[in-house]
file protein-v4.txt (compact mmCIF, C-alpha atoms)
# COMPACT_ATOMS: atom_id res chain seq x y z
CA ARG A 1 57.40 149.82 208.89
CA PHE A 2 59.13 147.05 210.80
CA ARG A 3 59.43 147.92 214.44
CA GLY A 4 62.20 145.72 215.79
CA PHE A 5 62.04 142.10 216.92
CA HIS A 6 59.13 140.18 218.38
CA PRO A 7 57.70 142.18 221.31
CA HIS A 8 56.93 140.23 224.46
CA THR A 9 53.54 141.90 224.85
CA PRO A 10 51.93 143.47 221.76
CA PRO A 11 50.01 146.68 222.47
CA ARG A 12 46.33 146.00 223.09
CA LEU A 13 43.46 147.89 221.56
CA PRO A 14 39.83 147.68 222.77
CA PHE A 15 38.39 144.17 222.39
CA GLY A 16 35.85 143.37 219.71
CA MET A 17 37.29 145.73 217.10
CA ARG A 18 36.89 145.48 213.38
CA LEU A 19 40.04 144.82 211.43
CA THR A 20 40.26 148.36 210.13
CA ALA A 21 42.96 149.76 207.90
CA GLU A 22 44.21 151.76 210.88
CA LEU A 23 44.50 148.66 213.04
CA VAL A 24 46.44 146.86 210.31
CA ARG A 25 48.82 149.79 209.91
CA ASN A 26 49.41 150.13 213.67
CA ALA A 27 49.73 146.43 214.51
CA PRO A 28 53.15 145.10 215.58
CA ALA A 29 55.29 144.23 212.58
CA TYR A 30 58.82 142.88 212.73
CA MET A 31 61.40 140.49 211.36
CA ASN A 32 60.95 137.27 213.35
CA PRO A 33 63.83 134.94 214.40
CA LEU A 34 63.34 132.90 211.21
CA GLY A 35 63.97 135.97 209.10
CA GLU A 36 60.33 136.31 208.03
CA ARG A 37 58.43 139.56 207.89
CA GLU A 38 55.62 139.00 210.40
CA LEU A 39 52.44 140.95 211.11
CA ASN A 40 50.99 140.32 214.58
CA LEU A 41 47.21 140.74 214.82
CA ARG A 42 46.74 138.55 217.88
CA GLY A 43 44.21 139.16 220.62
CA PHE A 44 42.12 142.00 219.24
CA LYS A 45 38.90 139.91 219.17
CA ILE A 46 38.56 140.66 215.47
CA PRO A 47 35.30 139.12 214.13
CA ALA A 48 36.19 138.99 210.42
CA ILE A 49 39.11 139.32 208.03
CA GLU A 50 39.12 142.57 206.06
CA ASN A 51 41.36 145.42 204.90
CA LEU A 52 44.48 143.27 204.54
CA GLY A 53 45.23 144.96 201.24
CA VAL A 54 46.67 147.74 203.38
CA THR A 55 49.66 145.49 204.06
CA GLN A 56 50.71 145.94 200.43
CA ASP A 57 51.77 142.29 200.47
CA HIS A 58 54.80 142.96 202.67
CA TYR A 59 54.58 139.90 204.94
CA GLU A 60 55.54 136.23 204.83
CA LEU A 61 53.75 135.42 208.12
CA LEU A 62 50.38 136.61 209.39
CA ASP A 63 49.25 135.79 212.94
CA LEU A 64 45.51 136.16 213.62
CA SER A 65 45.37 134.03 216.76
CA ASP A 66 43.18 134.76 219.80
CA ASN A 67 40.47 136.61 217.91
CA GLU A 68 36.78 135.92 217.17
CA LEU A 69 37.07 134.81 213.54
CA GLU A 70 34.39 132.42 212.29
CA HIS A 71 35.63 132.06 208.70
CA ILE A 72 38.91 132.06 206.83
CA SER A 73 37.88 134.24 203.92
CA ASN A 74 38.02 137.68 202.32
CA PHE A 75 41.75 137.69 201.59
CA PRO A 76 43.20 139.97 198.94
CA LEU A 77 45.91 138.64 196.67
CA LEU A 78 48.95 138.14 198.92
CA LYS A 79 51.78 136.70 196.83
CA ARG A 80 54.35 136.74 199.66
CA LEU A 81 52.34 135.10 202.44
CA GLN A 82 53.79 131.70 203.35
CA THR A 83 52.42 131.12 206.85
CA LEU A 84 48.95 131.80 208.24
CA ILE A 85 48.35 131.28 211.96
CA ALA A 86 44.84 131.60 213.40
CA ASN A 87 44.78 129.55 216.59
CA ASN A 88 42.12 129.98 219.27
CA ASN A 89 39.34 131.51 217.20
CA LYS A 90 35.83 130.29 216.33
CA ILE A 91 36.60 129.22 212.78
CA SER A 92 34.16 126.69 211.36
CA GLN A 93 34.55 127.29 207.62
CA MET A 94 37.14 128.13 204.99
CA ALA A 95 36.45 129.89 201.72
CA ARG A 96 37.03 128.08 198.43
CA GLY A 97 39.81 129.19 196.11
CA LEU A 98 42.24 130.43 198.76
CA GLY A 99 45.18 129.00 196.84
CA THR A 100 44.58 131.52 194.07
CA LEU A 101 44.76 134.42 196.55
CA LEU A 102 47.55 132.93 198.67
CA PRO A 103 49.68 131.16 196.04
CA LYS A 104 52.77 130.69 198.24
CA LEU A 105 50.97 129.55 201.39
CA GLU A 106 52.82 126.51 202.75
CA ASN A 107 51.96 126.57 206.46
CA LEU A 108 48.42 126.71 207.87
CA ILE A 109 48.11 126.62 211.67
CA ILE A 110 44.50 126.83 212.87
CA SER A 111 44.33 124.75 216.03
CA ASN A 112 41.62 125.09 218.68
CA ASN A 113 38.80 126.20 216.42
CA LYS A 114 35.36 124.80 215.51
CA ILE A 115 35.85 122.94 212.22
CA ALA A 116 33.56 119.96 212.69
CA SER A 117 33.33 117.78 209.58
CA LEU A 118 35.47 116.39 206.78
CA GLU A 119 33.31 118.33 204.33
CA ASP A 120 34.41 121.55 206.04
CA LEU A 121 37.99 120.63 205.15
CA ALA A 122 37.31 120.27 201.42
CA PRO A 123 38.61 123.82 200.69
CA LEU A 124 42.08 122.66 201.70
CA GLY A 125 42.23 121.04 198.28
CA ASP A 126 42.26 124.53 196.78
CA ILE A 127 45.61 125.26 198.51
CA PRO A 128 47.80 122.62 196.85
CA ASN A 129 51.15 123.99 198.06
CA LEU A 130 50.46 123.39 201.75
CA VAL A 131 53.33 121.49 203.35
CA ARG A 132 52.52 121.84 207.06
CA VAL A 133 49.03 121.93 208.55
CA CYS A 134 47.85 121.93 212.15
CA LEU A 135 44.17 121.40 212.96
CA GLY A 136 44.51 119.95 216.45
CA GLY A 137 41.80 121.00 218.86
CA ASN A 138 39.11 121.13 216.15
CA PRO A 139 36.23 118.63 216.51
CA VAL A 140 37.03 117.21 213.06
CA ALA A 141 40.39 115.96 214.34
CA LYS A 142 38.51 113.24 216.24
CA HIS A 143 37.06 111.76 213.04
CA ARG A 144 38.52 108.31 212.43
CA HIS A 145 39.58 109.15 208.87
CA TYR A 146 40.58 112.78 209.49
CA ARG A 147 44.29 112.34 208.77
CA TYR A 148 43.63 110.27 205.65
CA TYR A 149 41.24 112.87 204.28
CA VAL A 150 43.63 115.81 204.79
CA ILE A 151 46.52 113.81 203.33
CA HIS A 152 44.39 112.92 200.31
CA LYS A 153 43.50 116.58 199.74
CA LEU A 154 47.09 117.84 199.97
CA PRO A 155 49.61 116.01 197.76
CA LYS A 156 52.58 118.07 199.06
CA LEU A 157 51.72 117.72 202.74
CA ARG A 158 54.69 116.58 204.84
CA VAL A 159 53.55 117.31 208.40
CA LEU A 160 50.04 117.17 209.89
CA ASP A 161 49.50 118.17 213.51
CA PHE A 162 53.27 118.06 214.08
CA GLN A 163 53.46 114.44 212.92
CA LYS A 164 55.25 113.48 209.73
CA VAL A 165 53.04 112.07 206.99
CA LYS A 166 54.01 108.46 206.35
CA ALA A 167 53.99 106.64 203.03
CA LYS A 168 51.54 104.10 204.43
CA GLU A 169 49.16 106.90 205.41
CA ARG A 170 49.25 108.32 201.89
CA GLU A 171 48.56 104.87 200.47
CA ALA A 172 45.60 104.39 202.82
CA ALA A 173 44.32 107.86 201.95
CA ALA A 174 44.35 106.98 198.26
CA LYS A 175 42.40 103.81 198.99
CA LEU A 176 39.78 105.57 201.09
CA PHE A 177 39.29 108.79 199.16
CA GLY A 178 40.67 108.12 195.69
CA LYS A 179 38.60 109.04 192.66
CA GLU A 180 37.43 105.51 192.05
CA ASN A 181 35.72 105.39 195.44
CA VAL A 182 34.31 108.90 195.35
CA ASP A 183 32.68 108.31 192.00
CA ALA A 184 31.58 104.84 193.13
CA LYS A 185 31.25 103.83 189.46
CA ASP A 186 27.47 103.84 189.75
CA MET A 187 27.12 103.09 186.05
CA MET A 188 29.39 100.04 186.23
CA GLU A 189 28.07 97.09 184.24
CA ASP A 190 29.28 93.54 184.70
CA ASP A 191 28.40 90.46 182.70
CA VAL A 192 26.50 87.88 184.71
CA ASP A 193 28.41 84.64 185.25
CA ASN A 194 25.99 81.79 185.88
CA THR A 195 28.70 79.17 186.27
CA PHE A 196 28.65 77.60 189.74
CA THR A 197 31.91 76.53 191.34
CA PRO A 198 31.91 75.57 195.03
CA GLY A 199 33.89 77.99 197.22
CA VAL A 200 34.27 80.59 194.44
CA ILE A 201 32.72 84.04 194.54
CA LYS A 202 29.86 84.33 192.10
CA LYS A 203 29.76 87.37 189.80
CA ARG A 204 26.59 89.25 189.07
CA LYS A 205 25.42 92.81 188.70
CA MET A 206 25.35 94.56 192.07
CA THR A 207 22.30 96.45 193.24
CA LYS A 208 22.59 100.06 194.39
CA GLU A 209 21.98 98.93 197.96
CA GLU A 210 24.84 96.43 197.77
CA LYS A 211 27.20 99.05 196.32
CA LYS A 212 26.22 101.46 199.09
CA LYS A 213 26.93 98.87 201.78
CA ILE A 214 30.37 98.09 200.36
CA LEU A 215 31.25 101.79 200.09
CA GLU A 216 30.22 102.28 203.71
CA ALA A 217 32.35 99.28 204.68
CA ILE A 218 35.34 100.82 202.88
CA GLN A 219 34.90 104.05 204.83
CA ASN A 220 34.78 102.08 208.09
CA ALA A 221 37.69 99.79 207.27
CA THR A 222 40.53 99.77 209.79
CA ASP A 223 43.45 98.40 207.76
CA LEU A 224 44.77 98.33 204.21
CA GLU A 225 44.07 94.63 203.69
CA GLU A 226 40.38 95.09 204.42
CA ILE A 227 40.25 98.17 202.18
CA ASP A 228 41.91 96.24 199.33
CA ARG A 229 39.48 93.34 199.64
CA LEU A 230 36.39 95.56 199.71
CA GLU A 231 37.65 97.77 196.87
CA GLN A 232 38.27 94.74 194.66
CA GLN A 233 34.82 93.44 195.50
CA LEU A 234 33.27 96.78 194.56
CA ASN A 235 35.17 97.16 191.29
CA ALA A 236 34.47 93.58 190.22
CA GLY A 237 30.81 93.59 191.23
CA GLU A 238 31.38 90.44 193.22
CA ILE A 239 29.05 89.31 195.98
CA PRO A 240 29.96 86.48 198.39
CA VAL A 241 27.52 83.55 198.17
call {"tool": "encode", "arguments": {"input": "protein-v4.txt", "output": "C-alpha cells"}}
result
Amino acid sequence: RFRGFHPHTPPRLPFGMRLTAELVRNAPAYMNPLGERELNLRGFKIPAIENLGVTQDHYELLDLSDNELEHISNFPLLKRLQTLIANNNKISQMARGLGTLLPKLENLIISNNKIASLEDLAPLGDIPNLVRVCLGGNPVAKHRHYRYYVIHKLPKLRVLDFQKVKAKEREAAAKLFGKENVDAKDMMEDDVDNTFTPGVIKKRKMTKEEKKKILEAIQNATDLEEIDRLEQQLNAGEIPV
C-alpha cells in the first residue's frame, strides 16, 4: 500500500474530480521523513470530503491541500489520524464534533482559506487535543482577538500560526472569553448602596444597556489592566459617578 518516500510530483488526475474510493486507493501513500504514514490528496480540485473510510484508518497524516473544499466535514472515524493539512482551499466552515471522529488529531493546518469570523472557529472547541494550529491567510486571522479566541477554545494548544502560545496570551484569553463574560451574568442582582462618599464609586443595579456597554468595552480592551478594571466593574455592578 505504501509506495516509497515522498514523490516530488504526485500523479495528477483530471481536475474537479469527486473524492471517489478509487481516487483514495490510487493516491500517493508513503512513509514521510517523520516516520508517519501519509496519504497525499493534493491538487485534485476535490469539492468535498467523502469515501475516506476506504483508507481503513491506515494514516497518521492526511494532506488535502490545493483542492476546492468548502467545508471540513464528513469524516469517518479515523483513530490514527494526527495531522490534517488542507491549505489553499475554499474552506469557510468546520463541522461540529470532529474530535469524536478524529480523537488523536493534534495538528490542524488550514492556511489560505475563507474562514471569516470567530463564530466560524467555534467547532475548534470540539477538538480538545489540538496542539498545533495554523489558520494564517484566513480573513478571521485579522480579527483583533483572533489569537485569544483560538487559545481560549483549545486548552492544549502550544503553537498557533507558528508562534508559541504565551502564558500572558492564555491569561488574556481567559479574561476576554471566560465563562463569566460569555454568560454576562444577566440575572445578577446587587443591593443598592445609597451612601455617598466623595471620589468613591457608587454601587447600584446596572441596566441592561450599561451591562452591554461594559461587555463591548471588554471585547475592545487592548491590555490586561483595562480588562481587569472593566471585568470588576461588571461583576460588582459598579457605575462611575
call {"tool": "residues_around", "arguments": {"input": "protein-v4.txt", "residues": "Leu160 in chain A", "least_positions_apart": "4", "cutoff": "12 Å", "atoms": "only C-alpha atoms", "output": "MDAnalysis selection string"}}
result
chainID A and resid 107:111 130:136 141 146:152 154 156 164:166 169:170
call {"tool": "residues_around", "arguments": {"input": "protein-v4.txt", "residues": "Leu118 in chain A", "least_positions_apart": "3", "cutoff": "7 Å", "atoms": "all atoms listed in the file", "output": "list in words"}}
result
Leu121, Ala122, Val140 and Tyr146 of chain A
call {"tool": "atom_distance", "arguments": {"input": "protein-v4.txt", "atom1": "CA of Arg42 in chain A", "atom2": "CA of His71 in chain A"}}
result
15.8 Å
call {"tool": "atom_distance", "arguments": {"input": "protein-v4.txt", "atom1": "CA of Ile49 in chain A", "atom2": "CA of Ala21 in chain A"}}
result
11.1 Å
call {"tool": "closest_residue", "arguments": {"input": "protein-v4.txt", "among": "A:Gln163, A:Asn138, A:Gln82, A:Asn40", "to": "Leu101 in chain A", "atoms": "only C-alpha atoms"}}
result
A:Gln82
call {"tool": "atom_distance", "arguments": {"input": "protein-v4.txt", "atom1": "CA of Pro155 in chain A", "atom2": "CA of Pro103 in chain A"}}
result
15.2 Å
